[in-house]
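Q: Sharing my_file.cif here; it has mmCIF, C-alpha atoms.
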data_entry
loop_
_atom_site.label_atom_id
_atom_site.label_comp_id
_atom_site.auth_asym_id
_atom_site.auth_seq_id
_atom_site.Cartn_x
_atom_site.Cartn_y
_atom_site.Cartn_z
CA MET A 11 9.25 20.40 -4.05
CA ARG A 12 7.23 18.47 -1.40
CA TRP A 13 3.96 18.62 -3.33
CA LEU A 14 5.62 17.83 -6.68
CA LEU A 15 7.00 14.66 -5.10
CA VAL A 16 3.54 13.88 -3.64
CA ALA A 17 1.98 14.20 -7.14
CA VAL A 18 4.61 11.91 -8.69
CA ILE A 19 4.09 9.34 -5.92
CA ALA A 20 0.26 9.42 -6.24
CA ALA A 21 0.30 8.99 -10.05
CA ALA A 22 2.93 6.23 -10.03
CA THR A 23 1.19 4.35 -7.18
CA THR A 24 -2.17 4.45 -9.00
CA VAL A 25 -0.68 3.06 -12.23
CA SER A 26 1.23 0.40 -10.29
CA ASP A 27 -1.78 -0.77 -8.22
CA VAL A 28 -4.19 -0.95 -11.16
CA LEU A 29 -1.70 -2.89 -13.33
CA GLN A 30 -0.89 -5.24 -10.47
CA ALA A 31 -4.58 -5.90 -9.73
CA ALA A 32 -5.33 -6.50 -13.44
CA ALA A 33 -2.43 -8.98 -13.75
CA MET A 34 -3.37 -10.88 -10.60
CA LYS A 35 -7.07 -11.04 -11.63
CA GLN A 36 -5.91 -12.55 -14.92
CA HIS A 37 -3.74 -15.06 -13.04
CA GLY A 38 -6.46 -16.17 -10.62
CA GLU A 39 -6.41 -17.16 -6.94
CA ILE A 40 -3.06 -18.36 -5.57
CA CYS A 41 -3.76 -21.53 -3.57
CA ASP A 42 -0.49 -23.48 -3.62
CA PHE A 43 2.09 -22.14 -1.15
CA ARG A 44 4.67 -24.95 -1.42
CA PRO A 45 8.23 -23.66 -2.20
CA GLY A 46 8.30 -25.21 -5.71
CA ALA A 47 4.94 -23.69 -6.65
CA ILE A 48 5.98 -20.28 -5.28
CA GLY A 49 9.21 -20.45 -7.35
CA ARG A 50 7.25 -21.26 -10.52
CA LEU A 51 4.80 -18.46 -9.75
CA LEU A 52 7.60 -15.91 -9.26
CA GLY A 53 9.17 -16.98 -12.57
CA MET A 54 5.84 -16.58 -14.33
CA LEU A 55 5.14 -13.17 -12.73
CA ALA A 56 8.66 -11.93 -13.62
CA ARG A 57 7.77 -12.47 -17.30
CA ASN A 58 4.34 -10.84 -17.09
CA ARG A 59 4.39 -7.45 -18.90
CA MET A 60 1.78 -5.86 -16.64
CA ILE A 61 3.72 -6.91 -13.52
CA ILE A 62 6.99 -5.58 -15.01
CA ALA A 63 5.30 -2.22 -15.81
CA SER A 64 3.73 -2.21 -12.34
CA VAL A 65 7.12 -2.77 -10.66
CA LEU A 66 8.69 0.02 -12.78
CA ALA A 67 5.92 2.43 -11.72
CA MET A 68 6.47 1.29 -8.13
CA ALA A 69 10.21 2.02 -8.44
CA VAL A 70 9.41 5.60 -9.60
CA SER A 71 7.05 5.95 -6.64
CA PHE A 72 9.63 4.46 -4.25
CA PHE A 73 12.51 6.81 -5.18
CA ALA A 74 10.19 9.82 -5.08
CA PHE A 75 9.03 8.60 -1.63
CA LEU A 76 12.67 8.29 -0.50
CA ALA A 77 13.30 11.87 -1.64
CA LEU A 78 10.13 13.03 0.16
CA LEU A 79 11.19 11.29 3.40
CA SER A 80 14.44 13.24 3.33
CA VAL A 81 12.59 16.59 3.33
CA ALA A 82 9.44 15.73 5.34
CA ASP A 83 8.29 13.85 8.48
CA LEU A 84 7.06 10.25 8.20
CA SER A 85 3.64 11.33 9.45
CA PHE A 86 3.42 13.86 6.55
CA ALA A 87 5.06 11.65 3.91
CA VAL A 88 2.99 8.49 4.40
CA PRO A 89 -0.53 10.01 4.41
CA ALA A 90 0.25 12.60 1.72
CA THR A 91 1.06 9.78 -0.69
CA ALA A 92 -2.45 8.34 -0.37
CA GLY A 93 -4.29 11.08 -2.29
CA SER A 94 -5.17 8.56 -4.97
CA TYR A 95 -7.73 6.50 -2.97
CA VAL A 96 -10.89 7.70 -4.68
CA LEU A 97 -9.23 7.70 -8.14
CA GLU A 98 -8.11 4.10 -7.64
CA THR A 99 -11.60 3.06 -6.52
CA VAL A 100 -13.09 4.71 -9.65
CA LEU A 101 -10.54 2.87 -11.84
CA ALA A 102 -11.26 -0.39 -9.98
CA LYS A 103 -14.97 -0.04 -10.80
CA TYR A 104 -14.75 1.08 -14.44
CA LEU A 105 -11.45 -0.44 -15.63
CA LEU A 106 -11.26 -3.61 -13.54
CA LYS A 107 -15.09 -4.05 -13.45
CA GLU A 108 -15.16 -4.63 -9.69
CA PRO A 109 -18.50 -4.58 -7.83
CA VAL A 110 -18.05 -1.38 -5.79
CA ASN A 111 -21.11 -1.09 -3.50
CA TRP A 112 -21.99 1.83 -1.21
CA LEU A 113 -20.01 0.37 1.70
CA ARG A 114 -16.83 0.41 -0.41
CA TRP A 115 -17.50 3.96 -1.74
CA ALA A 116 -18.18 5.22 1.79
CA GLY A 117 -15.12 3.41 3.12
CA ALA A 118 -12.85 4.82 0.37
CA LEU A 119 -14.21 8.36 0.97
CA LEU A 120 -13.74 8.12 4.74
CA VAL A 121 -10.19 6.81 4.25
CA ALA A 122 -9.40 9.61 1.73
CA CYS A 123 -10.76 12.29 4.13
CA GLY A 124 -8.88 10.70 7.03
CA VAL A 125 -5.68 10.65 5.01
CA ALA A 126 -6.15 14.34 4.08
CA LEU A 127 -6.59 15.18 7.78
CA LEU A 128 -3.46 13.19 8.66
CA ALA A 129 -1.46 15.37 6.26
CA LEU A 130 -2.53 18.61 8.01
CA MET B 2 -20.44 -20.52 6.20
CA ASN B 3 -18.95 -23.22 3.94
CA VAL B 4 -15.36 -24.49 4.17
CA HIS B 5 -14.13 -22.53 1.13
CA ALA B 6 -15.54 -19.22 2.41
CA ALA B 7 -14.01 -19.81 5.86
CA ARG B 8 -10.62 -20.67 4.32
CA LEU B 9 -10.77 -17.57 2.08
CA ARG B 10 -11.60 -15.34 5.06
CA LEU B 11 -8.68 -16.75 7.06
CA LYS B 12 -6.30 -16.37 4.09
CA THR B 13 -7.51 -12.80 3.52
CA ARG B 14 -6.93 -11.89 7.19
CA PHE B 15 -3.47 -13.44 7.23
CA PHE B 16 -2.27 -11.70 4.05
CA THR B 17 -3.88 -8.37 5.05
CA PHE B 18 -1.93 -8.60 8.33
CA LEU B 19 1.30 -9.38 6.41
CA VAL B 20 0.73 -6.48 3.93
CA VAL B 21 0.07 -4.00 6.77
CA LEU B 22 2.93 -5.22 8.99
CA SER B 23 5.55 -5.21 6.20
CA SER B 24 4.38 -1.79 5.01
CA VAL B 25 4.46 -0.16 8.47
CA CYS B 26 7.82 -1.69 9.48
CA GLY B 27 9.27 -1.00 5.99
CA ASN B 28 8.22 2.67 6.02
CA PHE B 29 9.45 3.11 9.59
CA SER B 30 12.82 1.58 8.73
CA LEU B 31 13.14 3.76 5.59
CA SER B 32 12.29 6.88 7.56
CA TRP B 33 14.84 6.03 10.26
CA GLY B 34 17.52 5.36 7.61
CA MET B 35 16.77 8.59 5.71
CA ARG B 36 17.10 10.58 8.93
CA GLN B 37 20.61 9.19 9.29
CA PHE B 38 21.40 9.82 5.61
CA GLY B 39 20.20 13.41 5.40
CA ARG B 40 18.60 15.47 2.63
CA LEU B 41 18.06 13.72 -0.73
CA ALA B 42 16.65 16.43 -3.01
CA SER B 43 18.85 15.42 -5.97
CA PHE B 44 18.43 13.79 -9.37
CA SER B 45 21.89 12.13 -9.30
CA PRO B 46 21.61 8.28 -9.25
CA LEU B 47 24.81 8.05 -7.15
CA VAL B 48 23.13 9.81 -4.23
CA TYR B 49 20.25 7.28 -4.33
CA ILE B 50 22.68 4.32 -4.56
CA ARG B 51 24.53 5.60 -1.48
CA ALA B 52 21.18 5.98 0.33
CA VAL B 53 20.20 2.33 -0.28
CA MET B 54 23.54 1.20 1.25
CA ASN B 55 22.31 2.42 4.64
CA PRO B 56 21.31 -0.71 6.70
CA PHE B 57 17.92 0.73 7.72
CA VAL B 58 17.13 1.75 4.12
CA ALA B 59 18.22 -1.76 2.97
CA LEU B 60 15.98 -3.40 5.61
CA GLY B 61 13.13 -1.11 4.52
CA ILE B 62 13.59 -2.22 0.90
CA THR B 63 13.61 -5.92 1.95
CA LEU B 64 10.36 -5.39 3.85
CA LEU B 65 8.87 -3.62 0.83
CA VAL B 66 9.68 -6.72 -1.28
CA VAL B 67 7.74 -8.79 1.32
CA TRP B 68 4.96 -6.18 1.01
CA LEU B 69 4.93 -6.49 -2.81
CA LEU B 70 4.69 -10.29 -2.80
CA SER B 71 1.98 -10.45 -0.10
CA HIS B 72 0.06 -7.61 -1.82
CA MET B 73 0.13 -9.46 -5.17
CA THR B 74 -0.97 -12.70 -3.47
CA LEU B 75 -3.90 -10.90 -1.79
CA LEU B 76 -4.90 -9.27 -5.11
CA SER B 77 -5.06 -12.72 -6.76
CA TRP B 78 -8.45 -13.29 -5.08
CA ALA B 79 -9.46 -9.98 -3.44
CA ASP B 80 -10.68 -6.82 -5.22
CA LEU B 81 -8.43 -3.73 -5.41
CA SER B 82 -11.39 -1.69 -4.07
CA TYR B 83 -11.36 -3.98 -0.99
CA VAL B 84 -7.59 -4.31 -0.50
CA LEU B 85 -6.80 -0.56 -0.76
CA PRO B 86 -9.05 0.75 2.03
CA VAL B 87 -8.58 -2.27 4.31
CA THR B 88 -4.78 -2.08 4.21
CA SER B 89 -4.93 1.70 4.83
CA ILE B 90 -5.02 0.89 8.57
CA GLY B 91 -1.24 0.88 7.99
CA TYR B 92 -1.36 4.71 7.77
CA VAL B 93 -2.81 4.83 11.28
CA LEU B 94 -0.11 2.46 12.56
CA SER B 95 2.61 4.49 10.74
CA ALA B 96 1.40 7.72 12.38
CA LEU B 97 1.35 5.99 15.79
CA ALA B 98 4.84 4.52 15.17
CA GLY B 99 6.05 8.03 14.18
CA ARG B 100 4.67 9.35 17.49
CA LEU B 101 6.00 6.50 19.68
CA PHE B 102 9.45 5.93 18.20
CA LEU B 103 10.38 9.07 16.21
CA HIS B 104 8.65 11.49 18.64
CA GLU B 105 6.69 13.16 15.81
CA ASP B 106 3.69 15.29 16.71
CA ILE B 107 0.06 14.07 16.37
CA SER B 108 -2.29 17.09 16.30
CA ALA B 109 -6.06 17.03 16.89
CA TYR B 110 -6.53 16.97 13.06
CA ARG B 111 -4.34 13.89 12.81
CA TRP B 112 -6.28 12.12 15.58
CA ALA B 113 -9.50 12.93 13.66
CA GLY B 114 -7.89 11.51 10.51
CA ILE B 115 -6.96 8.33 12.38
CA LEU B 116 -10.60 7.95 13.51
CA LEU B 117 -11.97 8.47 9.95
CA ILE B 118 -9.53 5.95 8.44
CA THR B 119 -10.43 3.38 11.11
CA ALA B 120 -14.16 3.91 10.38
CA GLY B 121 -13.53 3.55 6.61
CA VAL B 122 -11.58 0.33 7.14
CA ALA B 123 -14.37 -1.05 9.37
CA LEU B 124 -16.98 -0.30 6.65
CA VAL B 125 -15.04 -1.91 3.78
CA ALA B 126 -14.06 -4.91 5.92
CA ARG B 127 -17.81 -5.70 6.10
CA THR B 128 -17.91 -6.43 2.34
CA ALA B 129 -16.81 -9.76 0.86
CA PRO B 130 -13.21 -9.53 -0.42
CA HIS B 131 -13.74 -11.68 -3.49
CA ARG B 132 -14.92 -10.08 -6.77
CA SER B 133 -17.70 -12.64 -7.27
CA GLY B 134 -18.79 -12.49 -3.60
CA ALA B 135 -21.85 -10.54 -2.50
CA PRO B 136 -21.54 -8.03 0.35
CA SER B 137 -22.05 -9.75 3.71
#
As structure tokens, what does this structure read like?
A:
Amino acid sequence: MRWLLVAVIAAATTVSDVLQAAAMKQHGEICDFRPGAIGRLLGMLARNRMIIASVLAMAVSFFAFLALLSVADLSFAVPATAGSYVLETVLAKYLLKEPVNWLRWAGALLVACGVALLAL
Amino acid sequence: MNVHAARLRLKTRFFTFLVVLSSVCGNFSLSWGMRQFGRLASFSPLVYIRAVMNPFVALGITLLVVWLLSHMTLLSWADLSYVLPVTSIGYVLSALAGRLFLHEDISAYRWAGILLITAGVALVARTAPHRSGAPS
């Protein structure tokens, strides 16, 4: 049960992060933080299909995470959900066309190994 | 360093801090609430609705909304391959919060994991956050 929930969380988080990053790249840098501008931005994001799909995937991940927290410790639940680090970095490079240099690869690998150790 | 680069660096640091803080406090609050609620291995929506009525679970959800908005703002100029590892310092803080406040155990393996994550964050933080920026 624990590891099934971990797999659901990892897959849903990956889909959510990649969609969110793609939508925000399309939108461009947010520079205006006045209340009116933030309101307009939220309205625009609420109609964006990629953001809607991303939030749905996040909801799946969230409820699976809630179920995991009820059967496992926080220090198991949080790191175990991060098994998707390397996969997300690969998708960032090939799908989102990000410049992933050796520092980022090494960083993502170290984080993924660290996360795996945290789950032990 | 020009004015735009300095402003971007400051903005990146501020929103990274907000993403990490809301995530750690949100997860901690959810965990505390779920401990009060009890086991949730069910597919019935009613059980989940009752769980979100718990004040700590509700506070956790509010903080996760703050997390979502600050995360999206950060992703509007920073790469996903930068944001993901850098904000993973939250895992270290979550483990430490679990130890300090929930009295969960941190084994030697977990301490090693904390060290590796911190090293990974330090490496990625040396690259420029912006997609068009060259590594510093």
Q: Determine, counting all atoms listed in the file, which protein, DNA and RNA residues have an atom within 12 Å of an atom of Phe15 in chain B; residues of the same chain fewer than 5 positions away are not included. Present the result as a VMD selection string.
A: chain B and resid 8 to 10 20 to 22 71 to 72 74 to 75 88
Q: Counting all atoms listed in the file, figure out which residue out of B:Gly39, B:His104, B:Val84, B:Arg51 gets nearest to chain A.
A: B:Gly39
Q: Give me the result of the PyMOL selection byres ((chain B) within 8 of (chain A)) on this file, residue by residue, as a ChimeraX atom specification.
A: /B:28-29,31-32,35-36,39-43,49,73-74,76-78,80-83,85-86,89,92,95-96,99,105,110-125,127-128,132,136
Q: Which residues, named as in the file, does the PyMOL selection byres ((chain A and resi 16-22) around 6) pick out? Answer as a VMD selection string.
A: chain A and resid 13 to 15 23 to 25 67 71 91 94
Q: CA of Met60 in chain A to CA of Thr13 in chain B: how many Å, to one decimal?
A: 23.3 Å
Q: Evaluating the PyMOL selection byres ((chain B and resi 53-61) around 6) on the displayed file yields which residues, as a ChimeraX atom specification?
A: /B:27,30-31,34,50-52,62-64
Q: Quick one: pull the distance between CA of Met54 in chain A and CA of His5 in chain B, Å, one decimal.
A: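 Those two atoms sit 25.9 Å apart.
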Q: Grab the CA of Arg57 in chain A to CA of Leu65 in chain B distance for me, in Å with one decimal place.
A: 20.2 Å
